[in-house]
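File shown: target11.tsv. Contents: TSV, C-alpha atoms.
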chain	number	residue	atom	x	y	z
D	1	ALA	CA	16.75	-43.27	5.36
D	2	PRO	CA	13.34	-41.72	4.68
D	3	ALA	CA	11.64	-44.32	6.86
D	4	GLY	CA	13.55	-43.02	9.86
D	5	LEU	CA	12.69	-39.36	9.38
D	6	THR	CA	10.33	-37.47	11.62
D	7	ALA	CA	7.16	-36.08	10.07
D	8	PRO	CA	8.55	-32.50	9.73
D	9	ALA	CA	11.79	-33.83	8.22
D	10	ALA	CA	9.85	-35.97	5.75
D	11	GLY	CA	7.83	-32.89	4.83
D	12	VAL	CA	11.03	-30.93	4.16
D	13	LEU	CA	12.36	-33.77	2.00
D	14	GLY	CA	9.13	-33.87	0.01
D	15	LEU	CA	9.20	-30.09	-0.39
D	16	THR	CA	12.79	-30.28	-1.67
D	17	LEU	CA	11.87	-32.87	-4.29
D	18	TRP	CA	8.75	-30.89	-5.26
D	19	MET	CA	10.74	-27.68	-5.76
D	20	ALA	CA	13.48	-29.47	-7.70
D	21	LEU	CA	10.88	-30.98	-10.04
D	22	TRP	CA	9.15	-27.65	-10.62
D	23	TRP	CA	12.44	-25.83	-11.15
D	24	VAL	CA	13.61	-28.36	-13.74
D	25	THR	CA	10.29	-28.56	-15.59
D	26	GLU	CA	9.32	-24.87	-15.09
D	27	VAL	CA	5.64	-25.72	-14.93
D	28	VAL	CA	5.27	-22.45	-13.01
D	29	PRO	CA	7.60	-19.42	-12.99
D	30	LEU	CA	10.83	-20.04	-11.07
D	31	ALA	CA	10.10	-17.15	-8.71
D	32	ALA	CA	6.74	-18.71	-7.79
D	33	THR	CA	8.42	-22.04	-7.01
D	34	SER	CA	10.89	-20.31	-4.73
D	35	LEU	CA	8.01	-19.12	-2.53
D	36	LEU	CA	6.72	-22.61	-1.75
D	37	PRO	CA	8.62	-22.88	1.58
D	38	ILE	CA	6.74	-19.86	2.95
D	39	VAL	CA	3.46	-21.74	2.54
D	40	LEU	CA	4.49	-25.37	3.04
D	41	LEU	CA	7.08	-25.31	5.82
D	42	PRO	CA	4.50	-24.12	8.39
D	43	LEU	CA	2.01	-26.71	7.11
D	44	VAL	CA	4.43	-29.60	7.73
D	45	HIS	CA	5.36	-28.07	11.11
D	46	ALA	CA	9.02	-27.71	10.12
D	47	ARG	CA	9.09	-23.95	10.75
D	48	THR	CA	6.75	-21.23	11.91
D	49	VAL	CA	5.58	-18.61	9.42
D	50	ALA	CA	8.04	-16.08	10.91
D	51	GLU	CA	10.94	-18.54	10.65
D	52	ALA	CA	10.01	-19.54	7.10
D	53	THR	CA	9.87	-15.95	5.85
D	54	ALA	CA	12.96	-14.68	7.71
D	55	PRO	CA	15.52	-15.88	5.09
D	56	TYR	CA	13.62	-14.07	2.34
D	57	ALA	CA	13.41	-10.55	3.76
D	58	SER	CA	12.52	-8.50	6.80
D	59	GLU	CA	8.95	-8.83	8.02
D	60	LEU	CA	8.54	-5.13	7.25
D	61	VAL	CA	9.24	-5.83	3.57
D	62	PHE	CA	6.33	-8.25	3.53
D	63	LEU	CA	4.21	-5.58	5.17
D	64	PHE	CA	5.14	-3.19	2.37
D	65	LEU	CA	4.50	-5.92	-0.23
D	66	ALA	CA	0.98	-6.28	1.15
D	67	GLY	CA	0.44	-2.60	0.37
D	68	PHE	CA	1.46	-3.15	-3.25
D	69	LEU	CA	-0.89	-6.13	-3.53
D	70	LEU	CA	-3.73	-4.07	-2.07
D	71	ALA	CA	-3.01	-1.28	-4.56
D	72	ALA	CA	-3.12	-3.75	-7.44
D	73	ALA	CA	-6.45	-5.11	-6.22
D	74	LEU	CA	-7.93	-1.62	-5.82
D	75	GLU	CA	-6.83	-0.70	-9.33
D	76	ARG	CA	-8.05	-4.00	-10.80
D	77	TRP	CA	-11.59	-3.43	-9.52
D	78	GLN	CA	-11.57	0.37	-10.00
D	79	THR	CA	-12.26	0.89	-6.30
D	80	HIS	CA	-10.29	4.12	-6.26
D	81	VAL	CA	-12.50	5.51	-9.04
D	82	ARG	CA	-15.62	4.65	-7.07
D	83	ILE	CA	-14.23	6.32	-3.94
D	84	ALA	CA	-13.14	9.46	-5.76
D	85	PHE	CA	-16.28	10.07	-7.78
D	86	GLY	CA	-18.47	9.01	-4.85
D	87	LEU	CA	-16.85	11.73	-2.74
D	88	VAL	CA	-17.20	14.30	-5.53
D	89	GLY	CA	-20.87	13.41	-5.85
D	90	ALA	CA	-21.42	13.62	-2.09
D	91	ILE	CA	-19.43	16.79	-1.40
D	92	GLY	CA	-20.25	18.76	-4.56
D	93	THR	CA	-18.79	19.80	-7.88
D	94	SER	CA	-17.81	23.38	-7.14
D	95	GLY	CA	-14.08	24.04	-7.43
D	96	ARG	CA	-13.36	24.11	-3.69
D	97	ARG	CA	-15.56	21.09	-2.96
D	98	ALA	CA	-14.16	19.05	-5.84
D	99	LEU	CA	-10.66	19.83	-4.57
D	100	LEU	CA	-11.64	18.66	-1.09
D	101	ALA	CA	-13.14	15.43	-2.46
D	102	VAL	CA	-10.05	14.58	-4.53
D	103	MET	CA	-7.76	15.32	-1.59
D	104	LEU	CA	-9.83	13.22	0.82
D	105	ALA	CA	-9.83	10.28	-1.59
D	106	SER	CA	-6.07	10.59	-2.17
D	107	ALA	CA	-5.29	10.85	1.54
D	108	PHE	CA	-7.51	7.89	2.43
D	109	LEU	CA	-6.00	5.63	-0.23
D	110	SER	CA	-2.49	6.72	0.72
D	111	MET	CA	-3.07	5.54	4.27
D	112	TRP	CA	-3.15	1.94	3.03
D	113	ILE	CA	-0.94	1.92	-0.07
D	114	SER	CA	2.21	3.80	-1.03
D	115	ASN	CA	2.17	7.49	-1.93
D	116	THR	CA	3.49	6.78	-5.42
D	117	ALA	CA	0.83	4.15	-6.14
D	118	THR	CA	-1.86	6.51	-4.86
D	119	ALA	CA	-0.66	9.38	-7.04
D	120	ALA	CA	-0.49	7.13	-10.10
D	121	MET	CA	-4.04	5.89	-9.48
D	122	MET	CA	-5.54	9.29	-8.69
D	123	PHE	CA	-3.83	11.29	-11.46
D	124	PRO	CA	-6.30	10.36	-14.25
D	125	ILE	CA	-9.20	10.88	-11.84
D	126	ALA	CA	-7.99	14.38	-10.96
D	127	LEU	CA	-7.74	15.11	-14.69
D	128	ALA	CA	-11.27	13.81	-15.28
D	129	VAL	CA	-12.66	15.95	-12.46
D	130	GLY	CA	-10.75	18.95	-13.82
D	131	ASP	CA	-12.44	18.50	-17.19
D	132	LEU	CA	-15.75	19.38	-15.50
D	133	PHE	CA	-14.60	23.00	-15.33
D	134	GLY	CA	-14.23	25.47	-18.19
D	135	ALA	CA	-11.21	26.17	-20.33
D	136	ASP	CA	-10.87	29.72	-19.05
D	137	GLU	CA	-8.31	30.99	-16.55
D	138	ALA	CA	-10.49	30.12	-13.55
D	139	GLY	CA	-10.88	26.56	-14.78
D	140	GLY	CA	-7.14	26.31	-15.30
D	141	ARG	CA	-6.52	27.37	-11.71
D	142	ILE	CA	-8.94	24.73	-10.45
D	143	ARG	CA	-7.23	22.01	-12.49
D	144	THR	CA	-3.84	23.09	-11.17
D	145	ALA	CA	-5.17	23.01	-7.61
D	146	LEU	CA	-6.66	19.55	-8.19
D	147	LEU	CA	-3.35	18.09	-9.36
D	148	LEU	CA	-1.35	19.76	-6.60
D	149	GLY	CA	-3.95	18.78	-4.02
D	150	MET	CA	-3.88	15.17	-5.16
D	151	ALA	CA	-0.09	15.02	-4.87
D	152	TYR	CA	0.06	16.80	-1.51
D	153	ALA	CA	-2.78	14.71	-0.07
D	154	ALA	CA	-1.07	11.49	-1.15
D	155	THR	CA	2.01	12.58	0.76
D	156	VAL	CA	0.10	13.75	3.83
D	157	GLY	CA	-2.10	10.66	3.95
D	158	GLY	CA	0.97	8.43	3.84
D	159	MET	CA	1.99	9.76	7.25
D	160	ALA	CA	-1.03	8.20	8.97
D	161	THR	CA	-0.14	4.52	8.98
D	162	LEU	CA	2.89	2.26	9.07
D	163	ILE	CA	2.30	1.03	5.52
D	164	GLY	CA	1.37	4.43	4.10
D	165	SER	CA	4.85	5.24	2.85
D	166	PRO	CA	8.16	3.34	2.46
D	167	PRO	CA	10.04	5.67	4.85
D	168	ASN	CA	7.57	4.75	7.60
D	169	VAL	CA	8.51	1.08	7.30
D	170	ILE	CA	12.21	1.93	7.16
D	171	VAL	CA	11.97	4.06	10.31
D	172	ALA	CA	10.11	1.29	12.15
D	173	GLY	CA	12.82	-1.20	11.20
D	174	ALA	CA	15.60	1.18	12.22
D	175	VAL	CA	13.98	1.87	15.59
D	176	ARG	CA	13.62	-1.85	16.19
D	177	ASP	CA	17.24	-2.61	15.25
D	178	LEU	CA	18.92	0.42	16.86
D	179	ALA	CA	16.74	1.16	19.87
D	180	GLY	CA	15.25	-2.26	20.52
D	181	ARG	CA	11.70	-0.89	20.46
D	182	SER	CA	8.94	-2.27	18.30
D	183	ILE	CA	6.52	0.17	16.65
D	184	ASP	CA	3.27	-1.58	15.82
D	185	PHE	CA	0.49	-0.35	13.54
D	186	SER	CA	-1.65	1.21	16.26
D	187	HIS	CA	1.22	3.08	17.92
D	188	PHE	CA	2.33	4.55	14.60
D	189	MET	CA	-1.23	5.60	13.81
D	190	LEU	CA	-1.57	7.39	17.14
D	191	LEU	CA	1.30	9.63	16.05
D	192	GLY	CA	0.59	9.90	12.33
D	193	LEU	CA	-3.18	10.31	12.15
D	194	PRO	CA	-3.31	13.57	14.18
D	195	LEU	CA	-0.70	15.03	11.83
D	196	VAL	CA	-2.89	14.16	8.86
D	197	LEU	CA	-5.97	15.67	10.51
D	198	VAL	CA	-4.07	18.95	10.92
D	199	LEU	CA	-2.05	19.10	7.70
D	200	LEU	CA	-4.76	18.02	5.25
D	201	PRO	CA	-7.22	20.85	6.04
D	202	LEU	CA	-4.36	23.38	6.05
D	203	THR	CA	-3.22	22.19	2.63
D	204	TRP	CA	-6.78	22.41	1.29
D	205	LEU	CA	-7.15	25.96	2.63
D	206	LEU	CA	-3.89	27.06	1.00
D	207	LEU	CA	-4.89	25.63	-2.37
D	208	ALA	CA	-8.54	26.69	-2.22
D	209	VAL	CA	-7.89	30.37	-1.49
Before anything else, please render the file you have as structure tokens.
Amino acid sequence: APAGLTAPAAGVLGLTLWMALWWVTEVVPLAATSLLPIVLLPLVHARTVAEATAPYASELVFLFLAGFLLAAALERWQTHVRIAFGLVGAIGTSGRRALLAVMLASAFLSMWISNTATAAMMFPIALAVGDLFGADEAGGRIRTALLLGMAYAATVGGMATLIGSPPNVIVAGAVRDLAGRSIDFSHFMLLGLPLVLVLLPLTWLLLAV
């Protein structure tokens, strides 16, 4: 009987009834209702956050999801535009400097969100910066370099952090499952960031020549 339940058990019972009511009435999307246990089970002390999220997906999936949410927030408030044009204004508008600014912005964003999301966000910015140059052959070369630089920098920047690219998360999960070793954010960055600091200038030099 409910009167004999412990406080956590009563909380689980209440959560079950709450979810059933919301699923039947669809006052919120069904998918949103299904996420209630992640928030409420820890609050009623029935499960820890790690235990509540485990049946949904690997913790690394939630880490990757956070990157998508961050990308959506950056795009919503046009933060990537501010970063890109701020760098162009600070570094300069010559062809080589504009290329460096676009690549730095792409690499920085790609450290925190996925390469694909970065490229999608930076593509119109690279086009807008390219429009600053003439329609002659030299201007065409600069625009080509800007687009290539944006794409390459998004890939290179994604190597720096654990959430920078989906393969990084997959490798971390595989190492944990197969080798029994946990790769945290700081350890991954110690390996990835030096690679970025070497590869990004080399890529800029190749494109800027």
Point (-9.6, 8.3, -0.5) neighbourhood (12 Å, all atoms listed in the file) written as a VMD selection string: chain D and resid 74 79 to 88 100 to 113 115 118 to 119 121 to 122 125 150 153 to 154 156 to 158
Can you tell me, as a ChimeraX atom specification, what residues are no more than 12 Å from Pro2 (chain D) when counting only C-alpha atoms, ignoring any on the same chain fewer than 3 positions away? /D:5-14
Name the residues in contact with Pro37 (chain D) at a cut-off of 9 Å, using only C-alpha atoms, excluding same-chain residues fewer than 2 positions from it; report them as a ChimeraX atom specification. /D:12,15,33-35,39-42,52-53
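Distance-wise, CA of Leu206 (chain D) and CA of Phe188 (chain D) end up 27.0 Å apart.
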What lies within 12 Å of Ala66 (chain D) using only C-alpha atoms, ignoring chain neighbours under 5 positions off, as an mmCIF file with C-alpha atoms, keeping the file's coordinate frame?
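This went into out05.cif:
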data_model
loop_
_atom_site.group_PDB
_atom_site.id
_atom_site.type_symbol
_atom_site.label_atom_id
_atom_site.label_comp_id
_atom_site.auth_asym_id
_atom_site.auth_seq_id
_atom_site.Cartn_x
_atom_site.Cartn_y
_atom_site.Cartn_z
ATOM 1 C CA GLU D 59 8.950 -8.830 8.020
ATOM 2 C CA LEU D 60 8.540 -5.130 7.250
ATOM 3 C CA VAL D 61 9.240 -5.830 3.570
ATOM 4 C CA ALA D 71 -3.010 -1.280 -4.560
ATOM 5 C CA ALA D 72 -3.120 -3.750 -7.440
ATOM 6 C CA ALA D 73 -6.450 -5.110 -6.220
ATOM 7 C CA TRP D 112 -3.150 1.940 3.030
ATOM 8 C CA ILE D 113 -0.940 1.920 -0.070
ATOM 9 C CA SER D 114 2.210 3.800 -1.030
ATOM 10 C CA LEU D 162 2.890 2.260 9.070
ATOM 11 C CA ILE D 163 2.300 1.030 5.520
ATOM 12 C CA GLY D 164 1.370 4.430 4.100
#
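We find CA of Ile170 (chain D) and CA of Pro201 (chain D) to be spaced 27.1 Å apart.
The space between CA of Met19 (chain D) and CA of Ala3 (chain D) spans 20.9 Å.
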Save region 9-54 of chain D to a file: N, CA and C atoms, as an mmCIF file, in the first residue's frame.
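Wrote it out as part.cif, contents follow:
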data_model
loop_
_atom_site.group_PDB
_atom_site.id
_atom_site.type_symbol
_atom_site.label_atom_id
_atom_site.label_comp_id
_atom_site.auth_asym_id
_atom_site.auth_seq_id
_atom_site.Cartn_x
_atom_site.Cartn_y
_atom_site.Cartn_z
ATOM 1 N N ALA D 9 10.437 5.311 -2.843
ATOM 2 C CA ALA D 9 9.451 4.483 -3.552
ATOM 3 C C ALA D 9 8.181 5.276 -3.840
ATOM 4 N N ALA D 10 7.747 6.089 -2.880
ATOM 5 C CA ALA D 10 6.574 6.934 -3.119
ATOM 6 C C ALA D 10 6.848 7.931 -4.242
ATOM 7 N N GLY D 11 8.082 8.442 -4.289
ATOM 8 C CA GLY D 11 8.438 9.352 -5.374
ATOM 9 C C GLY D 11 8.378 8.669 -6.728
ATOM 10 N N VAL D 12 8.844 7.416 -6.792
ATOM 11 C CA VAL D 12 8.784 6.670 -8.055
ATOM 12 C C VAL D 12 7.338 6.424 -8.459
ATOM 13 N N LEU D 13 6.491 6.090 -7.490
ATOM 14 C CA LEU D 13 5.073 5.872 -7.790
ATOM 15 C C LEU D 13 4.433 7.153 -8.328
ATOM 16 N N GLY D 14 4.735 8.273 -7.677
ATOM 17 C CA GLY D 14 4.189 9.541 -8.160
ATOM 18 C C GLY D 14 4.687 9.883 -9.544
ATOM 19 N N LEU D 15 5.969 9.606 -9.801
ATOM 20 C CA LEU D 15 6.534 9.868 -11.129
ATOM 21 C C LEU D 15 5.847 9.005 -12.185
ATOM 22 N N THR D 16 5.571 7.744 -11.832
ATOM 23 C CA THR D 16 4.890 6.840 -12.779
ATOM 24 C C THR D 16 3.507 7.369 -13.143
ATOM 25 N N LEU D 17 2.765 7.806 -12.135
ATOM 26 C CA LEU D 17 1.424 8.341 -12.395
ATOM 27 C C LEU D 17 1.504 9.636 -13.203
ATOM 28 N N TRP D 18 2.478 10.481 -12.886
ATOM 29 C CA TRP D 18 2.675 11.741 -13.612
ATOM 30 C C TRP D 18 2.947 11.459 -15.085
ATOM 31 N N MET D 19 3.875 10.542 -15.356
ATOM 32 C CA MET D 19 4.221 10.233 -16.742
ATOM 33 C C MET D 19 3.046 9.610 -17.481
ATOM 34 N N ALA D 20 2.312 8.730 -16.818
ATOM 35 C CA ALA D 20 1.148 8.109 -17.456
ATOM 36 C C ALA D 20 0.118 9.168 -17.844
ATOM 37 N N LEU D 21 -0.114 10.116 -16.936
ATOM 38 C CA LEU D 21 -1.079 11.187 -17.215
ATOM 39 C C LEU D 21 -0.621 12.028 -18.395
ATOM 40 N N TRP D 22 0.645 12.415 -18.407
ATOM 41 C CA TRP D 22 1.149 13.247 -19.508
ATOM 42 C C TRP D 22 1.183 12.487 -20.826
ATOM 43 N N TRP D 23 1.476 11.185 -20.774
ATOM 44 C CA TRP D 23 1.480 10.413 -22.017
ATOM 45 C C TRP D 23 0.064 10.299 -22.599
ATOM 46 N N VAL D 24 -0.908 10.090 -21.732
ATOM 47 C CA VAL D 24 -2.290 9.925 -22.206
ATOM 48 C C VAL D 24 -2.841 11.249 -22.735
ATOM 49 N N THR D 25 -2.580 12.333 -22.003
ATOM 50 C CA THR D 25 -3.134 13.631 -22.397
ATOM 51 C C THR D 25 -2.283 14.360 -23.418
ATOM 52 N N GLU D 26 -0.975 14.016 -23.516
ATOM 53 C CA GLU D 26 -0.044 14.656 -24.446
ATOM 54 C C GLU D 26 -0.013 16.171 -24.268
ATOM 55 N N VAL D 27 0.017 16.605 -23.002
ATOM 56 C CA VAL D 27 0.119 18.039 -22.755
ATOM 57 C C VAL D 27 1.488 18.576 -23.155
ATOM 58 N N VAL D 28 2.480 17.711 -23.193
ATOM 59 C CA VAL D 28 3.798 18.030 -23.734
ATOM 60 C C VAL D 28 4.161 16.906 -24.698
ATOM 61 N N PRO D 29 5.138 17.105 -25.588
ATOM 62 C CA PRO D 29 5.521 16.023 -26.504
ATOM 63 C C PRO D 29 5.911 14.758 -25.738
ATOM 64 N N LEU D 30 5.583 13.605 -26.316
ATOM 65 C CA LEU D 30 5.857 12.323 -25.667
ATOM 66 C C LEU D 30 7.340 12.171 -25.319
ATOM 67 N N ALA D 31 8.194 12.616 -26.234
ATOM 68 C CA ALA D 31 9.640 12.493 -25.992
ATOM 69 C C ALA D 31 10.063 13.294 -24.767
ATOM 70 N N ALA D 32 9.434 14.470 -24.563
ATOM 71 C CA ALA D 32 9.770 15.286 -23.396
ATOM 72 C C ALA D 32 9.330 14.589 -22.109
ATOM 73 N N THR D 33 8.168 13.962 -22.132
ATOM 74 C CA THR D 33 7.698 13.219 -20.956
ATOM 75 C C THR D 33 8.652 12.087 -20.604
ATOM 76 N N SER D 34 9.186 11.440 -21.610
ATOM 77 C CA SER D 34 10.060 10.292 -21.363
ATOM 78 C C SER D 34 11.361 10.682 -20.671
ATOM 79 N N LEU D 35 11.684 11.966 -20.660
ATOM 80 C CA LEU D 35 12.920 12.424 -20.021
ATOM 81 C C LEU D 35 12.725 12.820 -18.554
ATOM 82 N N LEU D 36 11.503 12.782 -18.067
ATOM 83 C CA LEU D 36 11.245 13.166 -16.681
ATOM 84 C C LEU D 36 12.067 12.366 -15.666
ATOM 85 N N PRO D 37 12.247 11.048 -15.834
ATOM 86 C CA PRO D 37 13.035 10.314 -14.830
ATOM 87 C C PRO D 37 14.456 10.844 -14.647
ATOM 88 N N ILE D 38 15.058 11.375 -15.715
ATOM 89 C CA ILE D 38 16.424 11.893 -15.591
ATOM 90 C C ILE D 38 16.475 13.030 -14.571
ATOM 91 N N VAL D 39 15.428 13.834 -14.551
ATOM 92 C CA VAL D 39 15.400 14.994 -13.656
ATOM 93 C C VAL D 39 14.849 14.619 -12.279
ATOM 94 N N LEU D 40 13.771 13.807 -12.257
ATOM 95 C CA LEU D 40 13.034 13.606 -11.016
ATOM 96 C C LEU D 40 13.537 12.453 -10.153
ATOM 97 N N LEU D 41 14.063 11.403 -10.761
ATOM 98 C CA LEU D 41 14.553 10.293 -9.934
ATOM 99 C C LEU D 41 15.655 10.729 -8.968
ATOM 100 N N PRO D 42 16.630 11.540 -9.407
ATOM 101 C CA PRO D 42 17.615 12.034 -8.427
ATOM 102 C C PRO D 42 16.991 12.938 -7.365
ATOM 103 N N LEU D 43 15.961 13.700 -7.731
ATOM 104 C CA LEU D 43 15.351 14.613 -6.760
ATOM 105 C C LEU D 43 14.622 13.871 -5.649
ATOM 106 N N VAL D 44 14.042 12.705 -5.968
ATOM 107 C CA VAL D 44 13.347 11.922 -4.934
ATOM 108 C C VAL D 44 14.282 10.899 -4.301
ATOM 109 N N HIS D 45 15.562 10.959 -4.651
ATOM 110 C CA HIS D 45 16.595 10.096 -4.074
ATOM 111 C C HIS D 45 16.358 8.614 -4.376
ATOM 112 N N ALA D 46 15.727 8.350 -5.535
ATOM 113 C CA ALA D 46 15.525 6.965 -5.944
ATOM 114 C C ALA D 46 16.722 6.443 -6.737
ATOM 115 N N ARG D 47 17.385 7.313 -7.449
ATOM 116 C CA ARG D 47 18.569 6.965 -8.225
ATOM 117 C C ARG D 47 19.487 8.177 -8.283
ATOM 118 N N THR D 48 20.765 7.911 -8.511
ATOM 119 C CA THR D 48 21.686 9.012 -8.789
ATOM 120 C C THR D 48 21.496 9.462 -10.229
ATOM 121 N N VAL D 49 22.097 10.599 -10.579
ATOM 122 C CA VAL D 49 21.990 11.075 -11.962
ATOM 123 C C VAL D 49 22.579 10.053 -12.932
ATOM 124 N N ALA D 50 23.733 9.464 -12.581
ATOM 125 C CA ALA D 50 24.365 8.467 -13.454
ATOM 126 C C ALA D 50 23.479 7.239 -13.628
ATOM 127 N N GLU D 51 22.845 6.793 -12.543
ATOM 128 C CA GLU D 51 21.965 5.624 -12.631
ATOM 129 C C GLU D 51 20.699 5.936 -13.417
ATOM 130 N N ALA D 52 20.186 7.162 -13.281
ATOM 131 C CA ALA D 52 18.960 7.532 -13.984
ATOM 132 C C ALA D 52 19.184 7.662 -15.484
ATOM 133 N N THR D 53 20.358 8.113 -15.886
ATOM 134 C CA THR D 53 20.625 8.304 -17.313
ATOM 135 C C THR D 53 21.143 7.048 -18.002
ATOM 136 N N ALA D 54 21.667 6.086 -17.230
ATOM 137 C CA ALA D 54 22.270 4.889 -17.829
ATOM 138 C C ALA D 54 21.331 4.125 -18.761
#
